[in-house]
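Shown below: query_34.txt, with compact mmCIF, C-alpha atoms.
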```txt
# COMPACT_ATOMS: atom_id res chain seq x y z
CA MET A 1 -3.38 -18.80 24.37
CA VAL A 2 -1.68 -16.58 21.84
CA THR A 3 -3.16 -15.35 18.60
CA VAL A 4 -1.00 -15.45 15.50
CA ARG A 5 -1.96 -13.49 12.38
CA LEU A 6 -1.41 -15.13 9.00
CA PHE A 7 -0.83 -13.55 5.60
CA GLY A 8 -0.36 -14.61 1.99
CA MET A 9 0.86 -18.17 1.54
CA THR A 10 0.87 -18.95 5.27
CA LYS A 11 -2.85 -18.18 5.39
CA MET A 12 -3.38 -20.45 2.41
CA LEU A 13 -1.33 -23.25 4.03
CA ALA A 14 -3.49 -23.01 7.16
CA GLY A 15 -6.69 -23.58 5.20
CA ASN A 16 -7.34 -19.86 4.62
CA GLN A 17 -7.55 -19.02 8.33
CA GLY A 18 -6.59 -15.41 9.04
CA THR A 19 -5.46 -16.19 12.58
CA LEU A 20 -4.35 -19.17 14.68
CA SER A 21 -5.07 -19.48 18.41
CA LEU A 22 -2.30 -21.54 19.98
CA ALA A 23 -1.64 -22.74 23.51
CA LEU A 24 1.99 -22.50 24.67
CA HIS A 25 2.64 -25.15 27.31
CA ASP A 26 6.41 -25.68 27.06
CA GLY A 27 8.04 -22.30 27.19
CA LYS A 28 6.97 -18.91 25.97
CA ARG A 29 9.73 -17.98 23.56
CA VAL A 30 9.32 -17.48 19.82
CA LYS A 31 11.08 -20.83 19.22
CA ASP A 32 8.48 -22.54 21.44
CA LEU A 33 5.72 -20.95 19.40
CA VAL A 34 7.45 -22.14 16.22
CA ALA A 35 7.56 -25.70 17.61
CA VAL A 36 3.79 -25.62 18.25
CA ILE A 37 3.15 -24.34 14.72
CA GLU A 38 5.47 -27.00 13.24
CA ALA A 39 3.50 -29.75 14.95
CA ALA A 40 0.12 -28.45 13.82
CA TYR A 41 1.07 -27.13 10.37
CA PRO A 42 4.14 -28.99 9.04
CA LYS A 43 4.24 -27.08 5.74
CA ILE A 44 4.36 -23.73 7.54
CA GLY A 45 6.92 -25.27 9.92
CA GLU A 46 9.14 -26.14 6.98
CA LEU A 47 9.05 -22.53 5.72
CA LEU A 48 9.83 -21.27 9.24
CA GLN A 49 12.83 -23.62 9.41
CA LYS A 50 14.12 -22.35 6.07
CA LYS A 51 13.57 -18.76 7.30
CA LYS A 52 11.34 -18.17 4.31
CA VAL A 53 8.62 -17.30 6.78
CA LEU A 54 9.55 -14.93 9.62
CA VAL A 55 7.85 -14.33 12.95
CA SER A 56 7.04 -10.76 13.96
CA VAL A 57 6.17 -9.64 17.47
CA ASN A 58 4.60 -6.21 17.88
CA GLN A 59 5.34 -5.41 14.23
CA ASP A 60 9.08 -6.12 14.38
CA ILE A 61 10.88 -9.24 13.15
CA ALA A 62 11.49 -11.33 16.26
CA HIS A 63 14.52 -13.39 17.33
CA GLU A 64 13.75 -17.00 18.28
CA ASP A 65 14.73 -16.36 21.91
CA LEU A 66 12.36 -13.43 22.38
CA GLU A 67 9.75 -14.11 25.06
CA VAL A 68 6.16 -13.79 23.97
CA ARG A 69 3.92 -11.92 26.42
CA ASP A 70 0.17 -11.77 26.80
CA GLY A 71 -1.28 -9.21 24.45
CA ASP A 72 1.67 -9.26 22.06
CA GLU A 73 0.77 -8.87 18.38
CA ILE A 74 2.28 -11.90 16.66
CA ALA A 75 2.31 -12.63 12.93
CA LEU A 76 3.85 -15.04 10.43
CA LEU A 77 5.34 -13.15 7.51
CA PRO A 78 5.94 -14.95 4.21
CA PRO A 79 8.48 -13.46 1.75
CA PHE A 80 7.56 -9.87 0.90
CA ALA A 81 6.72 -8.96 -2.66
CA GLY A 82 5.83 -5.30 -2.59
CA GLY A 83 5.61 -3.20 -5.69
CA SER A 84 5.64 -4.84 -9.07
CA ASP A 85 8.62 -7.14 -9.35
CA GLY A 86 11.12 -6.54 -12.06
CA CYS A 87 10.05 -2.95 -12.44
CA MET B 1 -16.61 34.17 9.48
CA SER B 2 -16.91 30.66 8.14
CA LEU B 3 -14.01 28.26 7.63
CA GLU B 4 -14.37 28.50 3.87
CA GLN B 5 -13.78 32.23 4.02
CA VAL B 6 -10.62 31.80 6.13
CA THR B 7 -9.04 29.22 3.79
CA LYS B 8 -8.12 30.83 0.53
CA PRO B 9 -8.27 28.40 -2.40
CA ASP B 10 -4.94 29.57 -3.83
CA GLN B 11 -3.02 28.88 -0.62
CA PRO B 12 -0.90 25.72 -0.65
CA VAL B 13 -2.43 23.08 1.56
CA ILE B 14 -0.01 21.92 4.24
CA ASP B 15 -0.85 18.26 4.53
CA ASP B 16 -0.56 16.18 7.60
CA GLU B 17 2.53 13.95 7.37
CA ALA B 18 0.21 10.93 7.39
CA MET B 19 -0.81 11.82 3.84
CA LEU B 20 2.80 11.37 2.68
CA VAL B 21 2.87 7.68 3.63
CA ARG B 22 -0.25 5.74 2.72
CA VAL B 23 -1.44 2.22 2.01
CA GLN B 24 -4.81 2.43 0.35
CA ARG B 25 -7.22 0.45 -1.81
CA GLU B 26 -8.17 3.34 -4.11
CA ASP B 27 -6.22 4.47 -7.12
CA PHE B 28 -4.24 7.69 -6.84
CA SER B 29 -3.67 10.75 -9.01
CA ILE B 30 0.01 11.33 -9.75
CA ASP B 31 -0.68 15.05 -10.33
CA GLU B 32 -2.38 15.37 -6.97
CA GLU B 33 0.42 13.56 -5.14
CA LEU B 34 3.01 15.64 -6.98
CA ARG B 35 1.21 18.80 -5.86
CA ARG B 36 1.29 17.48 -2.31
CA VAL B 37 5.09 17.10 -2.41
CA ARG B 38 5.69 20.44 -4.15
CA ALA B 39 3.56 22.22 -1.55
CA ARG B 40 5.97 21.07 1.19
CA SER B 41 8.79 23.44 0.23
CA LYS B 42 9.72 26.08 -2.30
CA ARG B 43 13.35 24.90 -2.08
CA ILE B 44 12.50 21.80 -4.14
CA GLY B 45 14.20 22.04 -7.52
CA GLY B 46 14.38 18.40 -8.60
CA ILE B 47 11.71 15.73 -8.32
CA ALA B 48 12.12 12.02 -9.15
CA ILE B 49 9.06 9.83 -9.51
CA PHE B 50 8.81 6.06 -9.56
CA LEU B 51 5.50 4.49 -10.57
CA GLY B 52 5.03 0.73 -10.42
CA THR B 53 2.20 -0.70 -12.53
CA ALA B 54 0.69 -4.14 -13.05
CA ARG B 55 2.22 -6.13 -15.93
CA ASP B 56 0.38 -8.84 -17.87
CA ARG B 57 3.39 -11.22 -17.84
CA SER B 58 5.36 -12.74 -15.00
CA LYS B 59 8.16 -15.29 -15.46
CA GLY B 60 6.95 -16.02 -18.97
CA LYS B 61 3.34 -16.60 -17.92
CA ASP B 62 0.23 -14.55 -18.58
CA VAL B 63 -1.17 -12.64 -15.63
CA ASP B 64 -4.83 -11.58 -15.63
CA GLY B 65 -4.76 -9.53 -12.46
CA ILE B 66 -3.04 -9.07 -9.12
CA THR B 67 -4.23 -8.93 -5.53
CA PHE B 68 -2.07 -7.22 -2.91
CA GLU B 69 -2.41 -8.07 0.75
CA HIS B 70 -0.71 -6.03 3.47
CA TYR B 71 -0.16 -6.18 7.20
CA GLU B 72 -2.16 -3.18 8.40
CA GLY B 73 -0.12 -1.18 10.85
CA MET B 74 3.25 -2.82 10.21
CA ALA B 75 3.21 -1.91 6.51
CA GLN B 76 2.60 1.77 7.34
CA LYS B 77 5.24 1.62 10.09
CA LYS B 78 7.88 0.31 7.67
CA LEU B 79 6.99 2.88 5.01
CA ARG B 80 7.27 5.68 7.62
CA GLU B 81 10.72 4.29 8.55
CA ILE B 82 11.76 4.37 4.87
CA ARG B 83 10.60 8.00 4.56
CA GLU B 84 12.46 9.04 7.70
CA ARG B 85 15.68 7.31 6.61
CA ALA B 86 15.45 8.77 3.11
CA LEU B 87 15.01 12.27 4.55
CA ASN B 88 17.97 11.79 6.91
CA ASP B 89 20.39 9.89 4.67
CA PHE B 90 19.95 11.48 1.23
CA GLY B 91 19.55 15.15 2.08
CA ILE B 92 16.23 15.36 0.27
CA ILE B 93 13.41 17.69 1.21
CA GLU B 94 10.40 15.38 0.96
CA LEU B 95 9.49 11.80 0.13
CA LEU B 96 6.02 10.47 -0.55
CA ILE B 97 5.30 6.73 -0.57
CA LEU B 98 1.96 5.30 -1.58
CA HIS B 99 1.08 1.63 -2.08
CA ARG B 100 -2.25 0.14 -3.07
CA TYR B 101 -3.77 -3.07 -1.81
CA GLY B 102 -6.68 -5.24 -2.95
CA GLU B 103 -7.42 -6.23 -6.53
CA ILE B 104 -5.39 -4.41 -9.18
CA GLY B 105 -6.18 -4.66 -12.88
CA ILE B 106 -3.50 -5.08 -15.54
CA GLY B 107 -1.94 -1.71 -16.36
CA ASP B 108 -3.21 -0.11 -13.17
CA ASN B 109 -1.11 1.81 -10.66
CA ILE B 110 0.41 -0.13 -7.75
CA VAL B 111 3.04 1.96 -6.02
CA LEU B 112 4.19 5.57 -6.21
CA ILE B 113 7.36 7.13 -4.81
CA ILE B 114 8.04 10.84 -5.18
CA ALA B 115 11.32 12.28 -3.97
CA GLY B 116 11.72 16.04 -3.86
CA ALA B 117 15.17 17.58 -3.41
CA GLU B 118 17.07 20.75 -4.19
CA HIS B 119 18.88 18.96 -7.03
CA ARG B 120 18.22 15.94 -9.23
CA ALA B 121 21.06 13.68 -8.00
CA GLU B 122 19.67 13.32 -4.46
CA ALA B 123 16.13 12.96 -5.78
CA PHE B 124 17.08 10.07 -8.11
CA GLN B 125 19.18 8.31 -5.45
CA ALA B 126 16.54 8.57 -2.73
CA CYS B 127 13.76 7.46 -5.07
CA LYS B 128 15.67 4.34 -6.19
CA TRP B 129 16.73 3.47 -2.65
CA ALA B 130 13.16 3.88 -1.34
CA ILE B 131 11.55 1.51 -3.85
CA ASP B 132 14.31 -1.09 -3.38
CA GLU B 133 13.97 -0.86 0.41
CA LEU B 134 10.18 -1.01 0.21
CA LYS B 135 10.43 -4.38 -1.50
CA GLN B 136 12.84 -5.68 1.14
CA ILE B 137 11.18 -4.66 4.39
CA THR B 138 7.51 -3.86 3.83
CA PRO B 139 4.99 -6.61 4.65
CA ILE B 140 3.04 -6.56 1.42
CA TRP B 141 2.27 -9.72 -0.53
CA LYS B 142 1.33 -10.23 -4.15
CA LEU B 143 -1.08 -12.84 -5.47
CA GLU B 144 -0.96 -13.20 -9.23
CA HIS B 145 -4.03 -14.47 -11.03
CA THR B 146 -2.99 -16.58 -14.01
CA PRO B 147 -4.93 -18.86 -16.39
CA ASP B 148 -3.42 -21.82 -14.44
CA GLY B 149 -4.51 -20.55 -11.04
CA GLU B 150 -3.33 -18.18 -8.32
CA VAL B 151 0.30 -17.87 -7.23
CA TRP B 152 1.75 -16.02 -4.23
CA VAL B 153 4.85 -14.23 -5.52
CA GLU B 154 7.97 -14.74 -3.43
CA GLU B 155 10.80 -12.97 -5.20
CA HIS B 156 11.33 -9.23 -5.30
CA PRO B 157 14.14 -8.67 -7.84
```
Now that the file is in, can you turn its structure into structure tokens?
Amino acid sequence: MVTVRLFGMTKMLAGNQGTLSLALHDGKRVKDLVAVIEAAYPKIGELLQKKKVLVSVNQDIAHEDLEVRDGDEIALLPPFAGGSDGC
Amino acid sequence: MSLEQVTKPDQPVIDDEAMLVRVQREDFSIDEELRRVRARSKRIGGIAIFLGTARDRSKGKDVDGITFEHYEGMAQKKLREIRERALNDFGIIELLILHRYGEIGIGDNIVLIIAGAEHRAEAFQACKWAIDELKQITPIWKLEHTPDGEVWVEEHP
């Protein structure tokens, strides 16, 4: 099982859950994790496909071929909106 | 001799570098943060400040308030990266970055960048680059509260 942290709109799309616990059966790469999320949460899957939501592993944006290891800190990052826009 | 007697009140306080990059819920004092930057070096001769505050309009709609959410750990890591790059690439002496999270009222402070350099040109450049970069790479999200409901803001123009 891997734990995935959710923020902003991804948290909202997952019914306001702060984390997801997911079992990876078919492969342990980021793209395999994305496939599991797509199946369970199609709306988040759509944003992942469009690269509007990015996957981070250990606080860095992860490539889809990166292998996920036990204990890795994984998160789904919706588009950033720091500061006050337009300022 | 007690610690109070050793530390003279008129001595500049040399802050830990952690104080120069912060994500915090509480409001901040611009004067206090400015003092923090000035205390870093007497070579500073030009200081540029950017302050971002909460507007009551967004894309033509009223906004009643804003909530900022951040990724604890990664947000601080990215802000430290921005400070390091600004110090290396712009020849400035110090850069302070502070961002608030949680509920922010209209008109309240959100984000503060202070760039201290020998001269104004580097200070202005580094300050502008830092706020632009912050919006691109820092995992902070904005929820606007409007009369029609709550909206997660996606764009960062």
Which residues of chain B are close to chain A, meaning at most 7 Å apart when you count all atoms listed in the file, and how do they look as a PyMOL selection string? chain B and resi 52-54+69+74+110-111+134-136+138-142+152-157
Residues just named, written with C-alpha atoms as a compact mmCIF listing (two decimals), keeping the file's coordinate frame:
```txt
# COMPACT_ATOMS: atom_id res chain seq x y z
CA GLY B 52 5.03 0.73 -10.42
CA THR B 53 2.20 -0.70 -12.53
CA ALA B 54 0.69 -4.14 -13.05
CA GLU B 69 -2.41 -8.07 0.75
CA MET B 74 3.25 -2.82 10.21
CA ILE B 110 0.41 -0.13 -7.75
CA VAL B 111 3.04 1.96 -6.02
CA LEU B 134 10.18 -1.01 0.21
CA LYS B 135 10.43 -4.38 -1.50
CA GLN B 136 12.84 -5.68 1.14
CA THR B 138 7.51 -3.86 3.83
CA PRO B 139 4.99 -6.61 4.65
CA ILE B 140 3.04 -6.56 1.42
CA TRP B 141 2.27 -9.72 -0.53
CA LYS B 142 1.33 -10.23 -4.15
CA TRP B 152 1.75 -16.02 -4.23
CA VAL B 153 4.85 -14.23 -5.52
CA GLU B 154 7.97 -14.74 -3.43
CA GLU B 155 10.80 -12.97 -5.20
CA HIS B 156 11.33 -9.23 -5.30
CA PRO B 157 14.14 -8.67 -7.84
```
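With distances restricted to only C-alpha atoms, B:Arg22 is the closest residue to Gln76 in chain B from B:Arg22, B:Lys128, B:Lys59, B:His119.
Rounded to one decimal, CA of Glu81 in chain B and CA of Leu96 in chain B lie 12.0 Å from each other.
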In Å, with one decimal, what is the gap from CA of Ile37 in chain A to CA of Glu150 in chain B?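 Computing the Euclidean distance for CA of Ile37 in chain A and CA of Glu150 in chain B yields 24.7 Å.
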Neighbour list for Ile97 in chain B as a PyMOL selection string, cut-off 8 Å, all atoms listed in the file, skip fewer than 6 positions in-chain: chain B and resi 20-22+79+83+111-114
Need to verify the contact set: Val30 in chain A, 6 Å, all atoms listed in the file, exclusion of same-chain residues closer than 6 positions in sequence. Can you return it as a PyMOL selection string? chain A and resi 64-66
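You will find CA of Ala35 in chain A at 12.3 Å from CA of Val55 in chain A.
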